[in-house]
file data.cif (mmCIF, C-alpha atoms and all ligand atoms)
data_final
loop_
_atom_site.label_atom_id
_atom_site.label_comp_id
_atom_site.auth_asym_id
_atom_site.auth_seq_id
_atom_site.Cartn_x
_atom_site.Cartn_y
_atom_site.Cartn_z
CA MET A 1 -6.88 17.54 35.75
CA SER A 2 -3.32 16.42 36.29
CA LYS A 3 -1.29 18.62 38.63
CA ILE A 4 2.01 17.55 37.06
CA ASN A 5 3.98 20.17 35.17
CA PHE A 6 4.93 18.26 32.02
CA GLU A 7 7.20 21.09 30.87
CA THR A 8 9.60 20.31 33.71
CA ALA A 9 8.81 16.64 34.50
CA GLY A 10 11.31 13.95 33.48
CA GLU A 11 10.92 11.70 30.46
CA GLN A 12 9.69 8.65 32.36
CA THR A 13 7.22 10.66 34.49
CA ARG A 14 5.75 12.15 31.33
CA ALA A 15 5.48 8.73 29.68
CA ILE A 16 3.53 7.37 32.64
CA HIS A 17 1.29 10.28 33.57
CA ALA A 18 0.70 12.48 30.51
CA GLY A 19 -2.83 12.28 29.13
CA GLU A 20 -4.07 10.00 31.88
CA THR A 21 -6.86 11.96 33.51
CA PRO A 22 -9.00 9.72 35.75
CA GLU A 23 -12.70 9.82 34.77
CA ALA A 24 -14.65 11.92 37.28
CA GLY A 25 -17.18 9.27 38.35
CA VAL A 26 -15.11 6.07 38.38
CA LYS A 27 -11.77 7.52 39.50
CA SER A 28 -9.79 4.58 38.07
CA SER A 29 -6.05 4.97 38.51
CA ALA A 30 -5.29 3.21 35.21
CA PRO A 31 -7.02 4.52 32.06
CA ASP A 32 -10.47 3.05 31.37
CA ILE A 33 -11.21 1.72 27.89
CA VAL A 34 -14.25 3.43 26.44
CA MET A 35 -15.36 1.21 23.57
CA SER A 36 -18.69 2.93 22.93
CA THR A 37 -19.02 4.15 19.35
CA THR A 38 -21.66 6.72 20.26
CA PHE A 39 -22.44 8.92 23.27
CA LEU A 40 -25.67 10.32 24.71
CA ALA A 41 -25.93 13.64 22.92
CA ASP A 42 -27.04 17.06 23.95
CA PRO A 43 -30.20 17.78 21.91
CA ASN A 44 -28.48 20.85 20.43
CA THR A 45 -25.61 18.78 18.93
CA GLY A 46 -25.26 19.21 15.14
CA PHE A 47 -25.20 16.11 12.89
CA SER A 48 -22.01 17.16 11.05
CA ALA A 49 -18.55 17.22 12.58
CA GLU A 50 -18.24 20.63 10.87
CA ALA A 51 -20.23 22.02 13.78
CA GLN A 52 -17.79 20.51 16.28
CA ASP A 53 -15.28 22.56 18.26
CA GLU A 54 -12.98 21.88 21.20
CA ASN A 55 -15.91 22.39 23.61
CA THR A 56 -18.14 19.75 22.00
CA ALA A 57 -18.75 16.72 24.24
CA TRP A 58 -18.05 13.21 22.92
CA VAL A 59 -20.51 12.46 20.10
CA TYR A 60 -19.25 9.60 17.94
CA THR A 61 -15.97 7.70 18.24
CA ARG A 62 -14.85 8.48 14.67
CA TRP A 63 -15.02 12.17 15.68
CA GLY A 64 -13.27 11.61 18.99
CA ASN A 65 -13.17 9.20 21.93
CA PRO A 66 -11.95 9.59 25.53
CA THR A 67 -9.46 6.69 25.37
CA ILE A 68 -8.02 7.72 22.02
CA HIS A 69 -7.86 11.30 23.31
CA GLN A 70 -5.80 10.21 26.33
CA LEU A 71 -3.30 8.53 23.98
CA GLU A 72 -3.17 11.64 21.77
CA GLU A 73 -2.44 13.83 24.79
CA LYS A 74 0.37 11.52 25.90
CA LEU A 75 1.91 11.51 22.42
CA ALA A 76 1.74 15.31 22.19
CA VAL A 77 3.55 15.67 25.53
CA LEU A 78 6.23 13.12 24.56
CA GLU A 79 6.94 14.84 21.22
CA GLN A 80 6.57 18.32 22.77
CA GLY A 81 3.89 19.16 20.22
CA GLU A 82 0.65 20.99 20.93
CA THR A 83 -1.58 18.15 19.81
CA ALA A 84 -1.72 14.74 18.13
CA VAL A 85 -4.14 12.80 15.95
CA ALA A 86 -4.14 9.00 16.19
CA PHE A 87 -4.88 6.61 13.32
CA ALA A 88 -5.46 2.90 12.77
CA SER A 89 -1.91 2.43 11.45
CA GLY A 90 1.20 4.35 10.49
CA MET A 91 0.09 4.19 6.84
CA GLY A 92 -3.32 5.57 7.89
CA ALA A 93 -1.55 8.58 9.41
CA ILE A 94 0.65 9.10 6.33
CA THR A 95 -2.30 8.85 3.92
CA ALA A 96 -4.27 11.43 5.88
CA LEU A 97 -1.26 13.75 5.92
CA LEU A 98 -0.72 13.52 2.15
CA PHE A 99 -4.43 14.01 1.41
CA HIS A 100 -4.60 16.95 3.77
CA THR A 101 -1.52 18.86 2.66
CA LEU A 102 -1.58 18.26 -1.12
CA LYS A 103 -3.99 18.91 -3.98
CA ALA A 104 -3.84 18.69 -7.78
CA GLY A 105 -1.08 20.94 -9.14
CA ASP A 106 1.02 20.79 -5.96
CA HIS A 107 4.48 19.27 -5.71
CA LEU A 108 5.63 16.68 -3.17
CA LEU A 109 9.36 16.44 -2.51
CA ILE A 110 10.07 13.16 -0.78
CA SER A 111 12.97 10.96 0.18
CA ASP A 112 13.71 8.31 -2.48
CA VAL A 113 13.84 5.69 0.27
CA THR A 114 10.99 5.54 2.76
CA TYR A 115 8.97 2.71 4.27
CA ALA A 116 8.12 0.57 1.20
CA ALA A 117 4.31 1.01 1.24
CA LEU A 118 4.73 4.79 1.19
CA THR A 119 7.22 4.72 -1.70
CA GLU A 120 4.80 2.45 -3.56
CA MET A 121 1.89 4.84 -2.87
CA VAL A 122 3.99 7.74 -4.13
CA ASN A 123 4.97 5.77 -7.27
CA GLU A 124 1.49 4.65 -8.21
CA TYR A 125 -1.26 6.55 -6.46
CA ILE A 126 -0.19 10.14 -5.79
CA PRO A 127 0.55 10.97 -9.49
CA LYS A 128 -3.02 9.85 -10.34
CA LEU A 129 -4.22 12.81 -8.26
CA ASN A 130 -2.20 15.14 -10.51
CA ILE A 131 0.23 15.84 -7.72
CA GLU A 132 3.82 16.16 -8.96
CA VAL A 133 6.40 14.06 -7.15
CA THR A 134 10.18 14.37 -6.95
CA LYS A 135 12.12 11.72 -5.05
CA VAL A 136 15.64 12.58 -3.93
CA ASP A 137 18.21 11.23 -1.53
CA THR A 138 17.40 13.67 1.28
CA SER A 139 20.69 12.94 3.06
CA ASP A 140 22.20 15.16 0.33
CA LEU A 141 21.03 18.68 1.16
CA GLU A 142 22.11 20.12 -2.17
CA LEU A 143 19.79 17.66 -3.95
CA VAL A 144 16.93 18.71 -1.69
CA ARG A 145 17.62 22.41 -2.38
CA ARG A 146 17.74 21.84 -6.14
CA ALA A 147 14.49 19.81 -6.17
CA VAL A 148 12.36 22.53 -4.60
CA GLN A 149 9.82 24.07 -7.03
CA PRO A 150 7.49 27.08 -6.70
CA ASN A 151 4.58 24.64 -6.16
CA THR A 152 6.35 22.50 -3.52
CA LYS A 153 3.88 22.24 -0.66
CA LEU A 154 5.31 19.33 1.34
CA ILE A 155 8.79 17.96 1.98
CA TYR A 156 8.65 14.47 3.47
CA ILE A 157 11.60 12.71 5.10
CA GLU A 158 12.16 9.60 7.20
CA THR A 159 15.16 9.49 9.53
CA PRO A 160 16.71 6.99 10.10
CA CYS A 161 15.01 5.59 7.02
CA ASN A 162 13.65 2.10 6.64
CA PRO A 163 15.46 -0.07 5.67
CA LEU A 164 18.78 1.71 5.03
CA LEU A 165 19.29 3.47 8.39
CA ARG A 166 20.37 6.47 6.32
CA LEU A 167 19.85 9.78 8.16
CA THR A 168 18.60 13.18 7.05
CA ASP A 169 19.55 16.43 8.76
CA ILE A 170 16.13 17.62 9.97
CA GLU A 171 17.19 21.12 10.96
CA ALA A 172 18.80 21.80 7.59
CA VAL A 173 15.82 20.46 5.61
CA ALA A 174 13.46 22.50 7.82
CA GLN A 175 15.30 25.64 6.76
CA ILE A 176 14.93 24.68 3.10
CA ALA A 177 11.22 24.00 3.64
CA ARG A 178 10.70 27.32 5.40
CA SER A 179 12.38 29.34 2.70
CA ALA A 180 10.23 27.52 0.10
CA ASP A 181 7.06 28.15 2.12
CA ALA A 182 6.50 24.37 2.23
CA LYS A 183 5.61 22.18 5.21
CA LEU A 184 8.08 19.60 6.51
CA ALA A 185 6.89 16.16 7.69
CA VAL A 186 9.29 13.79 9.45
CA ASP A 187 8.63 10.08 9.99
CA SER A 188 10.42 9.55 13.29
CA THR A 189 9.32 5.95 13.85
CA PHE A 190 12.88 4.58 13.99
CA ALA A 191 14.20 7.40 16.17
CA THR A 192 11.29 7.84 18.64
CA PRO A 193 10.90 11.00 20.77
CA LEU A 194 13.54 9.75 23.17
CA ALA A 195 16.14 10.28 20.42
CA THR A 196 14.90 13.18 18.34
CA ARG A 197 12.22 15.89 18.56
CA PRO A 198 11.66 16.95 14.95
CA LEU A 199 9.23 19.74 15.93
CA SER A 200 11.94 21.46 17.96
CA LEU A 201 14.22 21.23 14.89
CA GLY A 202 11.68 23.04 12.71
CA ALA A 203 9.42 20.27 11.36
CA ASP A 204 5.68 20.94 11.01
CA PHE A 205 4.47 17.34 11.38
CA VAL A 206 5.93 14.28 13.09
CA ILE A 207 4.67 10.87 11.98
CA HIS A 208 4.86 7.67 13.99
CA SER A 209 3.90 4.11 13.31
CA LEU A 210 2.78 3.36 16.88
CA THR A 211 2.98 -0.31 15.89
CA LYS A 212 6.75 -0.13 16.46
CA TYR A 213 8.67 1.27 19.45
CA LEU A 214 5.93 3.42 20.96
CA GLY A 215 3.46 0.54 21.39
CA GLY A 216 6.49 -1.68 21.75
CA HIS A 217 4.96 -5.14 22.19
CA GLY A 218 3.90 -6.23 18.71
CA ASP A 219 0.21 -6.55 19.56
CA ALA A 220 -1.44 -3.36 18.29
CA LEU A 221 -1.29 -1.46 14.98
CA GLY A 222 -1.53 2.30 15.27
CA GLY A 223 -0.25 5.57 13.84
CA ALA A 224 -0.12 9.24 14.76
CA ILE A 225 0.64 12.73 13.52
CA ILE A 226 1.88 15.26 16.05
CA GLY A 227 2.17 19.02 15.50
CA SER A 228 0.65 22.40 16.26
CA ASN A 229 -3.04 23.05 16.93
CA ALA A 230 -3.10 25.25 13.83
CA ASN A 231 -1.77 22.44 11.60
CA LEU A 232 -3.75 19.58 13.10
CA ALA A 233 -7.22 20.97 13.93
CA ALA A 234 -8.26 21.10 10.27
CA LEU A 235 -6.46 17.83 9.50
CA ARG A 236 -8.57 16.09 12.13
CA LYS A 237 -11.89 17.64 11.17
CA LYS A 238 -11.58 17.85 7.38
CA THR A 239 -9.48 14.78 6.60
CA ALA A 240 -8.91 12.23 9.36
CA LEU A 241 -12.49 11.64 10.38
CA ARG A 242 -13.70 11.66 6.76
CA LEU A 243 -11.08 9.16 5.54
CA GLY A 244 -12.08 7.15 8.58
CA GLY A 245 -8.83 5.33 9.42
CA ILE A 246 -9.54 5.78 13.13
CA LEU A 247 -7.69 3.87 15.84
CA SER A 248 -9.68 1.37 17.89
CA PRO A 249 -9.97 2.50 21.56
CA PHE A 250 -8.74 -0.94 22.57
CA ASN A 251 -5.56 -0.45 20.54
CA ALA A 252 -5.23 3.07 21.96
CA TRP A 253 -5.33 1.55 25.42
CA LEU A 254 -2.74 -1.12 24.58
CA ILE A 255 -0.42 1.46 23.01
CA MET A 256 -0.80 3.73 26.04
CA ARG A 257 0.15 0.81 28.25
CA GLY A 258 3.27 0.28 26.13
CA LEU A 259 4.09 4.00 26.16
CA ALA A 260 4.28 4.10 29.95
CA THR A 261 7.59 2.20 29.83
CA PHE A 262 8.82 3.60 26.53
CA PRO A 263 11.84 5.64 27.78
CA ILE A 264 13.10 2.70 29.89
CA ARG A 265 12.60 0.33 26.95
CA MET A 266 14.43 2.60 24.50
CA ARG A 267 17.46 2.83 26.77
CA ALA A 268 17.51 -0.98 27.01
CA HIS A 269 17.02 -1.35 23.22
CA GLU A 270 20.00 0.93 22.65
CA GLU A 271 22.20 -0.84 25.21
CA ASN A 272 21.42 -4.25 23.68
CA ALA A 273 21.75 -3.03 20.08
CA LEU A 274 25.21 -1.59 20.70
CA LYS A 275 26.43 -4.90 22.15
CA VAL A 276 24.93 -6.85 19.23
CA ALA A 277 26.33 -4.39 16.66
CA VAL A 278 29.84 -4.69 18.13
CA PHE A 279 29.54 -8.51 18.09
CA LEU A 280 28.41 -8.51 14.44
CA GLU A 281 31.10 -6.06 13.37
CA GLN A 282 33.77 -8.44 14.67
CA HIS A 283 32.23 -11.59 13.16
CA PRO A 284 34.22 -13.03 10.22
CA LYS A 285 31.07 -13.96 8.23
CA ILE A 286 29.62 -10.44 8.40
CA LYS A 287 30.57 -8.16 5.53
CA ARG A 288 29.08 -4.92 6.81
CA VAL A 289 27.17 -3.65 9.85
CA LEU A 290 25.27 -0.36 10.01
CA TYR A 291 24.13 1.08 13.31
CA PRO A 292 23.86 4.85 13.94
CA GLY A 293 25.57 4.34 17.32
CA LEU A 294 28.74 2.86 15.77
CA PRO A 295 31.56 5.17 14.64
CA SER A 296 31.62 3.16 11.38
CA HIS A 297 28.16 4.48 10.37
CA PRO A 298 28.80 6.92 7.48
CA GLN A 299 26.73 9.60 9.23
CA TYR A 300 27.90 8.97 12.80
CA LYS A 301 28.56 12.71 13.33
CA LEU A 302 25.00 13.62 12.34
CA ALA A 303 23.63 10.70 14.39
CA LYS A 304 25.40 12.02 17.50
CA ARG A 305 24.08 15.53 16.90
CA GLN A 306 20.49 14.55 16.04
CA MET A 307 19.87 11.41 18.13
CA ARG A 308 20.02 11.29 21.93
CA ASN A 309 19.35 7.54 21.73
CA PHE A 310 20.51 5.34 18.84
CA SER A 311 17.48 3.03 19.06
CA GLY A 312 17.57 -0.71 18.41
CA MET A 313 17.75 -1.04 14.60
CA ILE A 314 20.79 -2.61 12.97
CA THR A 315 21.41 -3.80 9.42
CA PHE A 316 24.06 -6.32 8.45
CA GLN A 317 25.22 -7.85 5.20
CA ILE A 318 26.53 -11.35 4.51
CA GLU A 319 28.41 -12.40 1.38
CA ASN A 320 25.86 -13.95 -1.00
CA GLY A 321 23.14 -13.10 1.57
CA ALA A 322 20.10 -14.15 -0.49
CA ALA A 323 21.32 -17.76 -0.57
CA LYS A 324 21.94 -17.75 3.18
CA VAL A 325 18.50 -16.56 4.28
CA SER A 326 16.85 -19.98 4.63
CA PRO A 327 19.59 -21.77 6.59
CA PHE A 328 20.05 -18.69 8.77
CA ALA A 329 16.31 -18.19 9.48
CA GLU A 330 15.73 -21.91 10.10
CA SER A 331 18.60 -22.07 12.61
CA LEU A 332 17.30 -19.29 14.84
CA ASN A 333 16.07 -20.49 18.23
CA LEU A 334 15.16 -17.28 20.01
CA ILE A 335 15.06 -14.54 17.38
CA HIS A 336 11.90 -14.44 15.28
CA TYR A 337 12.37 -14.30 11.51
CA ALA A 338 9.56 -11.79 10.87
CA VAL A 339 8.82 -8.32 9.49
CA SER A 340 8.12 -5.31 11.71
CA LEU A 341 10.35 -3.82 14.38
CA GLY A 342 10.53 -2.05 17.71
CA HIS A 343 9.00 -4.89 19.69
CA HIS A 344 10.31 -6.36 22.95
CA ARG A 345 11.10 -9.55 20.95
CA THR A 346 14.12 -9.51 18.64
CA LEU A 347 13.08 -9.71 14.97
CA VAL A 348 15.14 -10.16 11.83
CA PHE A 349 14.19 -10.04 8.15
CA TYR A 350 16.15 -10.12 4.88
CA LEU A 351 15.51 -7.40 2.29
CA GLY A 352 17.09 -8.28 -1.05
CA SER A 353 18.18 -5.32 -3.19
CA LYS A 354 17.19 -7.01 -6.48
CA ASP A 355 13.61 -7.57 -5.26
CA LEU A 356 13.19 -4.13 -3.75
CA LEU A 357 14.64 -2.30 -6.74
CA GLU A 358 12.12 -4.08 -8.98
CA THR A 359 9.02 -3.75 -6.79
CA THR A 360 9.50 -0.51 -4.88
CA PHE A 361 12.55 1.72 -5.25
CA HIS A 362 12.78 2.77 -8.90
CA PHE A 363 15.80 5.07 -8.95
CA ASP A 364 16.22 7.66 -11.71
CA THR A 365 19.87 8.60 -11.25
CA ALA A 366 23.21 6.87 -10.87
CA ALA A 367 23.76 8.81 -7.62
CA GLN A 368 20.56 7.34 -6.13
CA LYS A 369 21.66 3.81 -7.05
CA GLU A 370 25.11 4.50 -5.64
CA SER A 371 23.63 5.71 -2.35
CA TRP A 372 21.40 2.60 -2.12
CA ASN A 373 24.39 0.34 -2.81
CA ARG A 374 26.50 2.17 -0.24
CA PHE A 375 23.96 1.36 2.49
CA ALA A 376 22.33 -1.88 1.28
CA GLY A 377 24.78 -3.65 -1.02
CA GLU A 378 23.12 -6.67 -2.62
CA GLY A 379 20.71 -6.93 0.30
CA LEU A 380 20.55 -6.52 4.04
CA PHE A 381 19.37 -8.32 7.13
CA ARG A 382 17.29 -5.83 9.15
CA LEU A 383 17.64 -6.68 12.82
CA SER A 384 15.34 -5.12 15.42
CA VAL A 385 17.14 -5.85 18.67
CA GLY A 386 14.62 -6.55 21.42
CA LEU A 387 14.75 -6.55 25.18
CA GLU A 388 15.91 -10.10 25.85
CA ASP A 389 19.32 -10.43 27.54
CA ALA A 390 21.90 -9.25 25.00
CA ASN A 391 24.03 -12.36 25.61
CA ASP A 392 21.14 -14.60 24.56
CA VAL A 393 20.53 -12.62 21.37
CA ILE A 394 24.25 -12.73 20.54
CA ALA A 395 24.43 -16.48 21.27
CA ASP A 396 21.48 -17.13 18.95
CA LEU A 397 23.05 -15.07 16.15
CA ALA A 398 26.42 -16.79 16.69
CA GLN A 399 25.02 -20.31 16.41
CA ALA A 400 22.85 -19.41 13.36
CA LEU A 401 25.84 -17.80 11.62
CA GLU A 402 27.85 -20.96 12.22
CA LYS A 403 25.27 -22.95 10.20
CA ILE A 404 25.56 -20.87 7.05
N1 LIG B 501 6.89 4.33 8.82
C1 LIG B 501 7.91 3.49 9.05
C2 LIG B 501 9.28 4.03 9.20
C3 LIG B 501 7.68 2.11 9.13
O1 LIG B 501 8.72 1.29 9.35
C4 LIG B 501 6.36 1.62 8.96
C5 LIG B 501 6.09 0.17 9.02
O2 LIG B 501 6.99 -0.64 9.13
C6 LIG B 501 5.34 2.52 8.71
C7 LIG B 501 5.62 3.87 8.66
C8 LIG B 501 3.92 2.06 8.51
O3 LIG B 501 3.37 1.74 9.74
P1 LIG B 501 2.14 0.71 9.92
O4 LIG B 501 2.65 -0.66 9.57
O5 LIG B 501 1.74 0.90 11.34
O6 LIG B 501 1.09 1.16 8.95
#
call {"tool": "encode", "arguments": {"input": "data.cif", "output": "structure tokens"}}
result
Amino acid sequence: MSKINFETAGEQTRAIHAGETPEAGVKSSAPDIVMSTTFLADPNTGFSAEAQDENTAWVYTRWGNPTIHQLEEKLAVLEQGETAVAFASGMGAITALLFHTLKAGDHLLISDVTYAALTEMVNEYIPKLNIEVTKVDTSDLELVRRAVQPNTKLIYIETPCNPLLRLTDIEAVAQIARSADAKLAVDSTFATPLATRPLSLGADFVIHSLTKYLGGHGDALGGAIIGSNANLAALRKKTALRLGGILSPFNAWLIMRGLATFPIRMRAHEENALKVAVFLEQHPKIKRVLYPGLPSHPQYKLAKRQMRNFSGMITFQIENGAAKVSPFAESLNLIHYAVSLGHHRTLVFYLGSKDLLETTFHFDTAAQKESWNRFAGEGLFRLSVGLEDANDVIADLAQALEKI
């Protein structure tokens, strides 16, 4: 057992040491990877995970695994939650959460802009289960309040949301959820626990795509839900291990390795992103820059209150952007034109409004369209500023912008 008091230890100490209990026999200093899918069982072990409790030894990796468990412990400490459940991807975590918290006849109140695959699942799949869905711009608290119904069981927000970098006031929505007797889930992938601790602001569940900042190196997909023992024990036993989207122990190990440097990386992401955002804001070819750490962000006041670190995500708009994508992308020397985010490499990708409004974000009201336009215009370049030297990233952007 670790002798470190993680309640009082600093951020970086927790990132390195939490969850990492050396195995009794081997005494490795770094975590061992346990790839075994099954474990020698006590003859009294039941065949169903229903018979499992916290005292059950390792039985089968889909039920639980020492390496995955170490990662879960580290995540719980970093988010200041009681426990965590890891999944094969962020979408795996989100699917398990929706299946666990909702049933036919319930109502899901969700942000009208979330990571695209989730919005698409909520458009097409969730209504087939006879679960009612209302999508609202959750940055407008009055809209959230008005959308609550007697059967609302889950309010789901993403802040800052992908791709708009629009924020939602977690504490205020948590109060709405509490008075409606609904649970609140917050996707905090863009913020990370260095910036925001949704559980301390009243959320019931925190979701992460570990594929992004927490893993940090673009080489392992993963996801997690963090929360209280009461909320997550049944989710693990009844839903996660039956749906089966379990993280590979190898990926758990890679993500843990990334997590050890996560606070240092986030500070460097923020430092670089601010320099890049200031450069872009002054560039004559750039129409609009959004970064929560810039005073020009429409929710800068909320960003300062809710985020202790502004992370590394920037969006920028260029006049007639869709036509400029190819020459811009082809001119890049250092920055990768690629989806995903939160890696040590800088990544950029264009998201056209016309495409996304046809495929994914089907808005019902003029106010929703207006909010999208306010943040995205006709389309945005989503820039995930990495950990290269900021001057090199800026120089690459400068020379690519010259070619368009
Ligand atoms: N949540 C957010 C905010 C994301 O940006 C993503 C992916 O980009 C996901 C969830 C899904 O994560 P994954 O790709 O690990 O399934």
call {"tool": "residues_near_ligand", "arguments": {"input": "data.cif", "ligand": "ligand LIG 501 (chain B)", "cutoff": "10 Å", "atoms": "only C-alpha atoms and all ligand atoms", "output": "ChimeraX atom specification"}}
result
/A:87-95,114-118,157-163,186-191,207-212,220-224,339-342
call {"tool": "residues_around", "arguments": {"input": "data.cif", "residues": "Ile16 (chain A)", "least_positions_apart": "2", "cutoff": "10 Å", "atoms": "only C-alpha atoms", "output": "PDB file with C-alpha atoms, keeping the file's coordinate frame"}}
result
ATOM      1  CA  GLU A  11      10.920  11.700  30.460  1.00  0.00           C
ATOM      2  CA  GLN A  12       9.690   8.650  32.360  1.00  0.00           C
ATOM      3  CA  THR A  13       7.220  10.660  34.490  1.00  0.00           C
ATOM      4  CA  ARG A  14       5.750  12.150  31.330  1.00  0.00           C
ATOM      5  CA  ALA A  18       0.700  12.480  30.510  1.00  0.00           C
ATOM      6  CA  GLY A  19      -2.830  12.280  29.130  1.00  0.00           C
ATOM      7  CA  GLU A  20      -4.070  10.000  31.880  1.00  0.00           C
ATOM      8  CA  LYS A  74       0.370  11.520  25.900  1.00  0.00           C
ATOM      9  CA  MET A 256      -0.800   3.730  26.040  1.00  0.00           C
ATOM     10  CA  ARG A 257       0.150   0.810  28.250  1.00  0.00           C
ATOM     11  CA  GLY A 258       3.270   0.280  26.130  1.00  0.00           C
ATOM     12  CA  LEU A 259       4.090   4.000  26.160  1.00  0.00           C
ATOM     13  CA  ALA A 260       4.280   4.100  29.950  1.00  0.00           C
ATOM     14  CA  THR A 261       7.590   2.200  29.830  1.00  0.00           C
ATOM     15  CA  PHE A 262       8.820   3.600  26.530  1.00  0.00           C
ATOM     16  CA  PRO A 263      11.840   5.640  27.780  1.00  0.00           C
TER      17      PRO A 263
END
call {"tool": "closest_residue", "arguments": {"input": "data.cif", "among": "A:Thr346, A:Thr37, A:Thr359, A:Asn231", "to": "Ile246 (chain A)", "atoms": "all atoms listed in the file"}}
result
A:Thr37
call {"tool": "residues_near_point", "arguments": {"input": "data.cif", "point": "(-6.5, 6.8, 27.4)", "cutoff": "10 Å", "atoms": "only C-alpha atoms", "output": "ChimeraX atom specification"}}
result
/A:18-22,30-34,65-74,249-250,252-257
call {"tool": "residues_around", "arguments": {"input": "data.cif", "residues": "region 135-149 of chain A", "least_positions_apart": "2", "cutoff": "8 Å", "atoms": "all atoms listed in the file", "output": "PyMOL selection string"}}
result
chain A and resi 107+109-113+133+151-152+157+166-169+172-173+176+180+368+371
call {"tool": "atom_distance", "arguments": {"input": "data.cif", "atom1": "CA of Asp42 (chain A)", "atom2": "CA of Ser28 (chain A)"}}
result
25.5 Å
